[in-house]
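Content type CSV, C-alpha atoms and all ligand atoms, from the file run-v3.csv:
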```
chain,number,residue,atom,x,y,z
A,1115,MET,CA,68.3,12.3,-55.9
A,1116,SER,CA,68.2,12.2,-52.1
A,1117,PRO,CA,68.9,9.2,-49.8
A,1118,PRO,CA,65.8,6.9,-49.3
A,1119,SER,CA,65.2,8.0,-45.7
A,1120,GLU,CA,64.9,11.7,-46.8
A,1121,ILE,CA,62.6,10.8,-49.6
A,1122,SER,CA,60.3,8.8,-47.4
A,1123,SER,CA,60.1,11.5,-44.7
A,1124,GLY,CA,59.4,14.1,-47.5
A,1125,ILE,CA,56.6,11.9,-48.7
A,1126,GLU,CA,55.1,11.5,-45.2
A,1127,ARG,CA,55.3,15.3,-44.8
A,1128,ALA,CA,53.6,15.9,-48.1
A,1129,LYS,CA,50.7,13.5,-47.3
A,1130,GLU,CA,50.2,15.4,-44.0
A,1131,LEU,CA,50.2,18.8,-45.7
A,1132,ILE,CA,47.7,17.6,-48.4
A,1133,VAL,CA,45.3,15.9,-46.0
A,1134,HIS,CA,45.1,19.0,-43.8
A,1135,SER,CA,44.8,21.4,-46.7
A,1136,HIS,CA,41.6,23.1,-47.8
A,1137,CYS,CA,42.7,23.7,-51.3
A,1138,THR,CA,45.7,22.0,-52.9
A,1139,VAL,CA,46.8,23.2,-56.4
A,1140,ALA,CA,49.3,21.2,-58.4
A,1141,LEU,CA,51.8,22.9,-60.6
A,1142,THR,CA,53.5,20.6,-63.1
A,1143,GLY,CA,56.3,20.8,-65.7
A,1144,ALA,CA,58.2,18.7,-68.2
A,1145,GLY,CA,59.6,16.3,-65.5
A,1146,ILE,CA,56.1,14.8,-65.0
A,1147,SER,CA,56.0,13.8,-68.7
A,1148,THR,CA,59.6,12.6,-69.2
A,1149,PRO,CA,58.7,9.1,-67.7
A,1150,SER,CA,56.1,9.0,-70.6
A,1151,GLY,CA,59.0,9.4,-73.1
A,1152,ILE,CA,58.5,13.1,-73.8
A,1153,PRO,CA,61.8,14.8,-73.7
A,1154,ASP,CA,62.2,18.0,-71.6
A,1155,PHE,CA,62.7,20.1,-74.7
A,1156,ARG,CA,63.5,23.2,-72.8
A,1157,SER,CA,66.4,21.7,-70.8
A,1158,PRO,CA,69.9,22.5,-71.7
A,1159,GLY,CA,71.7,19.7,-73.5
A,1160,THR,CA,68.7,17.5,-73.9
A,1161,GLY,CA,65.8,17.2,-76.3
A,1162,LEU,CA,65.0,19.7,-79.0
A,1163,TRP,CA,66.1,23.0,-77.5
A,1164,ALA,CA,69.7,22.0,-77.1
A,1165,ARG,CA,72.0,24.3,-75.2
A,1166,GLY,CA,69.0,25.9,-73.6
A,1167,GLU,CA,68.5,28.2,-76.5
A,1168,VAL,CA,65.2,28.3,-78.4
A,1169,PRO,CA,66.0,27.8,-82.1
A,1170,ARG,CA,64.4,30.4,-84.3
A,1171,ALA,CA,62.1,27.8,-85.7
A,1172,GLY,CA,60.5,27.4,-82.2
A,1173,SER,CA,59.8,31.1,-81.8
A,1174,ILE,CA,56.8,33.1,-83.1
A,1175,HIS,CA,59.1,35.1,-85.4
A,1176,GLY,CA,60.5,31.9,-86.8
A,1177,PHE,CA,57.0,30.5,-87.3
A,1178,ALA,CA,55.9,33.6,-89.1
A,1179,ALA,CA,59.0,33.7,-91.4
A,1180,ASP,CA,59.3,30.0,-92.1
A,1181,PRO,CA,56.3,27.8,-91.1
A,1182,GLU,CA,57.9,24.8,-92.9
A,1183,GLY,CA,61.0,25.2,-90.7
A,1184,PHE,CA,58.7,25.3,-87.6
A,1185,TYR,CA,56.8,22.2,-88.6
A,1186,ASP,CA,60.1,20.3,-89.3
A,1187,TRP,CA,61.3,21.3,-85.9
A,1188,LEU,CA,58.1,20.2,-84.3
A,1189,ALA,CA,57.7,16.9,-86.0
A,1190,PRO,CA,60.0,14.7,-83.8
A,1191,LEU,CA,58.5,16.1,-80.6
A,1192,LEU,CA,54.9,15.8,-81.9
A,1193,THR,CA,55.6,12.2,-82.8
A,1194,ARG,CA,56.6,11.4,-79.3
A,1195,ILE,CA,53.7,13.4,-77.7
A,1196,LEU,CA,51.0,11.7,-79.8
A,1197,ALA,CA,52.4,8.2,-79.0
A,1198,ALA,CA,52.8,8.9,-75.3
A,1199,GLN,CA,50.6,7.5,-72.5
A,1200,PRO,CA,50.0,9.1,-69.1
A,1201,ASN,CA,52.2,7.6,-66.4
A,1202,PRO,CA,51.7,7.0,-62.7
A,1203,ALA,CA,52.5,10.6,-61.8
A,1204,HIS,CA,49.5,11.9,-63.9
A,1205,GLU,CA,47.4,9.1,-62.4
A,1206,ALA,CA,48.3,10.0,-58.9
A,1207,LEU,CA,47.2,13.6,-59.5
A,1208,VAL,CA,43.9,12.3,-60.8
A,1209,SER,CA,43.4,10.2,-57.6
A,1210,LEU,CA,44.2,13.3,-55.4
A,1211,GLU,CA,41.7,15.3,-57.4
A,1212,SER,CA,39.0,12.7,-57.1
A,1213,MET,CA,39.6,12.4,-53.4
A,1214,GLY,CA,38.8,16.1,-53.1
A,1215,TYR,CA,42.3,17.4,-52.3
A,1216,ILE,CA,43.5,18.9,-55.6
A,1217,LYS,CA,41.2,21.6,-57.0
A,1218,VAL,CA,43.2,22.3,-60.2
A,1219,VAL,CA,46.3,21.3,-62.1
A,1220,VAL,CA,48.3,24.1,-63.6
A,1221,THR,CA,50.7,22.8,-66.2
A,1222,GLN,CA,53.5,24.1,-68.4
A,1223,ASN,CA,53.1,21.0,-70.5
A,1224,VAL,CA,51.3,21.0,-73.9
A,1225,ASP,CA,51.1,17.2,-74.2
A,1226,MET,CA,47.5,16.8,-72.9
A,1227,LEU,CA,48.5,13.9,-70.7
A,1228,HIS,CA,46.8,15.3,-67.6
A,1229,GLN,CA,43.5,15.4,-69.4
A,1230,ARG,CA,44.1,12.0,-71.0
A,1231,ALA,CA,44.8,10.6,-67.5
A,1232,GLY,CA,41.5,12.0,-66.3
A,1233,SER,CA,42.2,15.3,-64.5
A,1234,GLU,CA,39.1,17.4,-64.6
A,1235,ARG,CA,40.4,20.9,-64.1
A,1236,VAL,CA,43.6,21.6,-66.0
A,1237,LEU,CA,45.0,25.1,-66.8
A,1238,GLU,CA,47.6,25.0,-69.6
A,1239,VAL,CA,49.8,28.1,-69.2
A,1240,HIS,CA,51.9,27.3,-72.2
A,1241,GLY,CA,48.9,26.7,-74.4
A,1242,THR,CA,47.7,23.4,-75.9
A,1243,LEU,CA,48.1,21.2,-79.0
A,1244,ALA,CA,44.4,20.4,-78.8
A,1245,GLN,CA,43.5,23.5,-80.8
A,1246,ALA,CA,45.0,25.2,-83.9
A,1247,THR,CA,44.2,28.6,-85.2
A,1248,CYS,CA,44.6,30.1,-88.7
A,1249,ILE,CA,47.1,33.0,-88.6
A,1250,CYS,CA,45.2,34.9,-91.3
A,1251,CYS,CA,41.5,34.6,-90.4
A,1252,TYR,CA,41.8,33.3,-86.9
A,1253,ALA,CA,39.5,30.3,-87.6
A,1254,ALA,CA,40.0,27.9,-84.7
A,1255,VAL,CA,39.8,24.1,-85.2
A,1256,PRO,CA,40.5,21.0,-83.2
A,1257,GLY,CA,44.3,20.6,-83.3
A,1258,LEU,CA,44.9,16.9,-83.2
A,1259,PRO,CA,43.4,16.1,-86.7
A,1260,VAL,CA,45.5,18.9,-88.1
A,1261,LEU,CA,48.7,17.6,-86.5
A,1262,GLU,CA,48.0,14.0,-87.4
A,1263,ARG,CA,47.5,14.9,-91.0
A,1264,PHE,CA,50.7,16.9,-91.0
A,1265,LEU,CA,52.6,13.9,-89.6
A,1266,ALA,CA,51.1,11.7,-92.3
A,1267,ASP,CA,51.7,14.0,-95.3
A,1268,ARG,CA,54.4,16.5,-94.0
A,1269,GLN,CA,52.6,19.4,-95.6
A,1270,VAL,CA,52.3,22.6,-93.6
A,1271,PRO,CA,48.6,22.6,-92.4
A,1272,ARG,CA,46.4,25.2,-94.2
A,1273,CYS,CA,43.1,26.8,-93.2
A,1274,GLU,CA,40.1,25.2,-95.0
A,1275,ARG,CA,38.4,28.6,-95.1
A,1276,CYS,CA,41.1,30.9,-96.4
A,1277,GLY,CA,44.3,28.8,-97.1
A,1278,GLY,CA,46.3,30.6,-94.4
A,1279,VAL,CA,48.8,28.7,-92.3
A,1280,MET,CA,47.5,26.9,-89.2
A,1281,LYS,CA,49.4,27.3,-85.9
A,1282,PRO,CA,48.9,25.0,-83.0
A,1283,ASN,CA,47.7,27.0,-79.9
A,1284,VAL,CA,51.0,26.4,-78.1
A,1285,ILE,CA,52.9,29.4,-76.7
A,1286,LEU,CA,56.1,29.9,-78.7
A,1287,ALA,CA,59.1,31.9,-77.5
A,1288,GLY,CA,58.3,35.6,-78.0
A,1289,GLU,CA,54.5,35.1,-77.5
A,1290,GLN,CA,52.4,36.3,-74.7
A,1291,LEU,CA,51.1,33.7,-72.2
A,1292,PRO,CA,47.4,33.1,-72.6
A,1293,ALA,CA,45.8,35.9,-70.6
A,1294,LEU,CA,42.6,34.2,-69.3
A,1295,VAL,CA,44.4,31.0,-68.4
A,1296,MET,CA,47.1,33.0,-66.5
A,1297,LEU,CA,44.3,35.0,-64.7
A,1298,GLU,CA,42.8,31.8,-63.5
A,1299,ALA,CA,46.2,30.3,-62.6
A,1300,ARG,CA,47.0,33.3,-60.5
A,1301,ARG,CA,43.7,33.1,-58.8
A,1302,ALA,CA,44.3,29.5,-58.0
A,1303,ALA,CA,47.8,30.3,-56.7
A,1304,ARG,CA,46.4,33.0,-54.4
A,1305,ALA,CA,43.5,30.7,-53.2
A,1306,CYS,CA,45.5,27.6,-52.4
A,1307,ASP,CA,46.9,26.7,-49.0
A,1308,VAL,CA,49.2,23.9,-50.4
A,1309,MET,CA,50.9,24.0,-53.8
A,1310,LEU,CA,52.3,20.7,-55.0
A,1311,VAL,CA,55.0,21.6,-57.5
A,1312,ALA,CA,56.1,18.5,-59.5
A,1313,GLY,CA,58.5,18.0,-62.3
A,1314,THR,CA,59.7,21.5,-62.8
A,1315,SER,CA,62.9,23.3,-61.5
A,1316,LEU,CA,61.0,26.6,-61.8
A,1317,PRO,CA,63.6,28.5,-63.8
A,1318,GLY,CA,61.7,31.7,-64.4
A,1319,GLY,CA,58.5,31.8,-66.5
A,1320,PRO,CA,54.9,31.2,-65.2
A,1321,ALA,CA,55.8,28.4,-62.9
A,1322,SER,CA,58.1,30.4,-60.7
A,1323,GLU,CA,55.7,33.4,-60.7
A,1324,LEU,CA,52.9,31.2,-59.5
A,1325,ALA,CA,54.9,29.4,-56.9
A,1326,GLU,CA,56.2,32.7,-55.6
A,1327,LEU,CA,52.7,34.1,-55.5
A,1328,ALA,CA,51.4,31.1,-53.5
A,1329,SER,CA,54.3,31.2,-51.1
A,1330,ARG,CA,53.8,35.0,-50.5
A,1331,ARG,CA,50.2,34.2,-49.6
A,1332,GLN,CA,51.5,31.7,-47.0
A,1333,ALA,CA,50.7,28.6,-48.9
A,1334,GLN,CA,52.9,25.6,-48.0
A,1335,LEU,CA,55.0,24.4,-51.0
A,1336,ILE,CA,55.7,20.7,-51.7
A,1337,VAL,CA,58.5,20.3,-54.2
A,1338,VAL,CA,58.8,17.0,-56.1
A,1339,ASN,CA,61.7,17.1,-58.6
A,1340,ARG,CA,64.7,15.0,-59.4
A,1341,ALA,CA,67.1,18.0,-59.1
A,1342,PRO,CA,67.1,20.8,-56.5
A,1343,THR,CA,65.0,23.8,-57.4
A,1344,LEU,CA,65.1,27.5,-56.5
A,1345,PHE,CA,62.1,27.0,-54.2
A,1346,ASP,CA,63.5,24.2,-52.0
A,1347,ALA,CA,64.5,26.6,-49.3
A,1348,LEU,CA,61.0,28.0,-49.1
A,1349,ALA,CA,59.2,24.6,-49.3
A,1350,ALA,CA,57.6,22.7,-46.4
A,1351,ALA,CA,58.4,19.4,-48.0
A,1352,VAL,CA,61.1,18.6,-50.6
A,1353,ILE,CA,61.3,15.3,-52.4
A,1354,HIS,CA,64.2,14.9,-54.9
A,1355,GLU,CA,62.8,11.9,-56.7
A,1356,ASP,CA,61.1,11.0,-60.0
A,1357,ALA,CA,57.5,12.4,-60.1
A,1358,ALA,CA,56.3,9.0,-61.4
A,1359,ILE,CA,57.6,7.4,-58.2
A,1360,ALA,CA,57.0,10.2,-55.6
A,1361,LEU,CA,53.5,11.2,-56.5
A,1362,PRO,CA,51.9,7.7,-56.4
A,1363,ALA,CA,53.7,7.2,-53.1
A,1364,ILE,CA,52.1,10.4,-51.8
A,1365,ALA,CA,48.6,9.4,-53.0
A,1366,GLN,CA,48.9,5.8,-51.8
A,1367,GLY,CA,46.9,4.9,-48.7
A,1368,MET,CA,45.2,8.3,-48.6
A,1369,SER,CA,41.4,8.3,-48.4
A,1370,GLY,CA,39.0,10.9,-49.7
A,1371,ARG,CA,38.2,14.0,-47.8
A,1372,PRO,CA,35.7,13.2,-45.1
A,1401,ZN,ZN,41.9,31.1,-92.3
```
Before we go any further, please render this structure as structure tokens.
Amino acid sequence: MSPPSEISSGIERAKELIVHSHCTVALTGAGISTPSGIPDFRSPGTGLWARGEVPRAGSIHGFAADPEGFYDWLAPLLTRILAAQPNPAHEALVSLESMGYIKVVVTQNVDMLHQRAGSERVLEVHGTLAQATCICCYAAVPGLPVLERFLADRQVPRCERCGGVMKPNVILAGEQLPALVMLEARRAARACDVMLVAGTSLPGGPASELAELASRRQAQLIVVNRAPTLFDALAAAVIHEDAAIALPAIAQGMSGRP
């Protein structure tokens, strides 16, 4: 993290950029949910995907070959996600949306905390736990009851229609990103004049593609992340601080769009 003077000047700069923007898009990653107790399961050395490698259980091939192994792997993360509450970072984005600045939140997270905090427009580029689909007949059902039942009885969830295995609609390694969601996310990245990137170090994947797209279109980037990111050099404001501290500080004292 940076010295306090750098953090506060970054926050002032971010406020200024957002107030003068016509369309701010937020782009969020795991770092916005770690203060809610959800581990960054893609980070090397932490959480479930230790050493930065996706275990076979967390890939679509692993899922297809061994659904039980997948659900065993998912259980500890799921327990944390279902118990988690939105934190001040999620709440600050809700304030900025209700003040008319943020038009959409694009997130790599599947934890639903943005929606639970009250964000109205959320694009989930890594899918969602809020729905589950049968891998045999493609019947789609609300995901949470399926997952809660699994945590209670530890049986692989089965389709009520055909008995096939149910898969939560999260994007596993080896799967395509959701096409329509990505289409909308790219549209938002092209349309915004400020992109507020929070809690992601942008190491490849959809987040870096979208930040790059926005930057190419002359959008100003604000980067809020504990550690340096690949986009710091391109950003108009860089704040190396916890998102749950920095985002409320940015929203504080701002009034709605006149
Ligand atoms: Zn089915």
Exercise for review: Could you pull out the residues sitting within 7 Å of ligand ZN 1401 (chain A), using only C-alpha atoms and all ligand atoms, and write them as a list of chain:residue names?
Suggested key: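 The residues within 7 Å of ligand ZN 1401 (chain A), counting only C-alpha atoms and all ligand atoms, are A:Cys1248, A:Ile1249, A:Cys1250, A:Cys1251, A:Tyr1252, A:Ala1253, A:Cys1273, A:Glu1274, A:Arg1275, A:Cys1276, A:Gly1277, A:Gly1278.
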File dump, residues just selected, C-alpha atoms, as a compact mmCIF listing (two decimals), in the coordinates of the input:
```txt
# COMPACT_ATOMS: atom_id res chain seq x y z
CA CYS A 1248 44.60 30.10 -88.70
CA ILE A 1249 47.10 33.00 -88.60
CA CYS A 1250 45.20 34.90 -91.30
CA CYS A 1251 41.50 34.60 -90.40
CA TYR A 1252 41.80 33.30 -86.90
CA ALA A 1253 39.50 30.30 -87.60
CA CYS A 1273 43.10 26.80 -93.20
CA GLU A 1274 40.10 25.20 -95.00
CA ARG A 1275 38.40 28.60 -95.10
CA CYS A 1276 41.10 30.90 -96.40
CA GLY A 1277 44.30 28.80 -97.10
CA GLY A 1278 46.30 30.60 -94.40
```
**Study point:** Top pick for closest residue to Leu1291 (chain A), considering A:Gln1222, A:Thr1343, A:Ser1322, A:Ser1315 and counting all atoms listed in the file
**Key:**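 Residue with the minimum atom-to-atom distance to Leu1291 (chain A): A:Gln1222.
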Exercise for review: Counting all atoms listed in the file, figure out which residue out of A:Asn1339, A:Gln1199, A:Ser1173, A:Ser1212 gets nearest to Gly1288 (chain A).
Suggested key: A:Ser1173
Could you produce a table of the residues of region 1301-1355 of chain A lying within 12 Å of region 1231-1245 of chain A, with the nearest pair of atoms per residue and their separation in Å rounded to one decimal, using all atoms listed in the file, ordered by chain and increasing residue number, as a tab-separated table?
```
residue	atom	partner	partner_atom	distance
A:Arg1301	CA	A:Leu1237	CA	11.4
A:Ala1302	CA	A:Leu1237	CA	9.9
A:Ala1303	CA	A:Leu1237	CA	11.7
A:Gly1319	CA	A:His1240	CA	9.8
A:Pro1320	CA	A:Val1239	CA	7.2
A:Ala1321	CA	A:Val1239	CA	8.7
A:Glu1323	CA	A:Val1239	CA	11.6
A:Leu1324	CA	A:Val1239	CA	10.6
```
Review point. Using all atoms listed in the file, which of A:Pro1282, A:Pro1292, A:Pro1362, A:Pro1200 sits nearest Ile1152 (chain A)?
Key: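 Of all the options, A:Pro1200 lies closest to Ile1152 (chain A).
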Practice item. Just the residues within 9 Å of Val1337 (chain A), please, counting only C-alpha atoms, with nothing from its chain fewer than 2 positions along; format it as a ChimeraX atom specification. Key: /A:1128,1309-1314,1335,1339,1342-1343,1345-1346,1349-1354
Review point. So which residues touch region 1260-1264 of chain A within 12 Å, counting only C-alpha atoms, skipping near sequence neighbours fewer than 5 positions away, as number ranges by chain?
Key: A: 1182, 1185-1186, 1188-1193, 1195-1197, 1243-1248, 1254-1255, 1269-1274, 1279-1283
Check your understanding: How would you write as a PyMOL selection string the residues that get within 9 Å of (66.0, 11.7, -58.8) in the file's frame, counting only C-alpha atoms?
Key -> chain A and resi 1115-1116+1339-1341+1353-1357
Practice item. Could you jot down the CA of Val1220 (chain A) to CA of Ile1121 (chain A) separation for me, Å, one decimal place? Key: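 So the answer is 24.0 Å.
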Can you sort out the box for region 1185-1195 of chain A, edges along x, y and z, all listed atoms in, 5 Å on every side, with centre and edge lengths in Å to one decimal, as AutoDock Vina command-line options?
```
--center_x 57.5 --center_y 16.8 --center_z -83.5 --size_x 17.6 --size_y 20.8 --size_z 21.6
```
Check your understanding: From the list A:His1134, A:Arg1268, A:His1228, A:His1175, which residue is nearest Pro1202 (chain A) when using all atoms listed in the file?
Key ->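 Going through A:His1134, A:Arg1268, A:His1228, A:His1175 one by one, the smallest distance to Pro1202 (chain A) is for A:His1228.
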Check your understanding: Just how far from CA of Ser1150 (chain A) is CA of Thr1138 (chain A), in Å to one decimal?
Key -> 24.3 Å
Per residue of region 1189-1227 of chain A within 8 Å of region 1141-1147 of chain A, which atom pair is closest and at what distance in Å (one decimal), using all atoms listed in the file, listed by chain and increasing number, as a Markdown table?
```
| residue | atom | partner | partner_atom | distance |
| --- | --- | --- | --- | --- |
| A:Pro1200 | CA | A:Ser1147 | CA | 7.6 |
| A:Asn1201 | CA | A:Ser1147 | CA | 7.6 |
| A:Ala1203 | CA | A:Ile1146 | CA | 6.4 |
| A:His1204 | CA | A:Ile1146 | CA | 7.3 |
| A:Val1219 | CA | A:Leu1141 | CA | 5.9 |
| A:Val1220 | CA | A:Leu1141 | CA | 4.8 |
| A:Thr1221 | CA | A:Thr1142 | CA | 4.7 |
| A:Gln1222 | CA | A:Gly1143 | CA | 5.1 |
| A:Asn1223 | CA | A:Gly1143 | CA | 5.8 |
| A:Leu1227 | CA | A:Ser1147 | CA | 7.8 |
```
Revision key, fill the gap. A straight line from CA of Met1368 (chain A) to CA of Lys1129 (chain A) spans 7.7 Å
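Remark: for Glu1126 (chain A), the closest of the candidate residues A:Ile1364, A:Phe1184, A:Gly1370, A:Pro1153 is A:Ile1364 (distances computed over all atoms listed in the file).
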Check your understanding: Of the candidates A:Gly1214, A:Asp1225, A:Leu1286, A:Gln1366, which shows the shortest atom-to-atom distance to Gly1257 (chain A), using only C-alpha atoms?
Key ->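 Looking at the shortest contact to Gly1257 (chain A), the residue is A:Asp1225.
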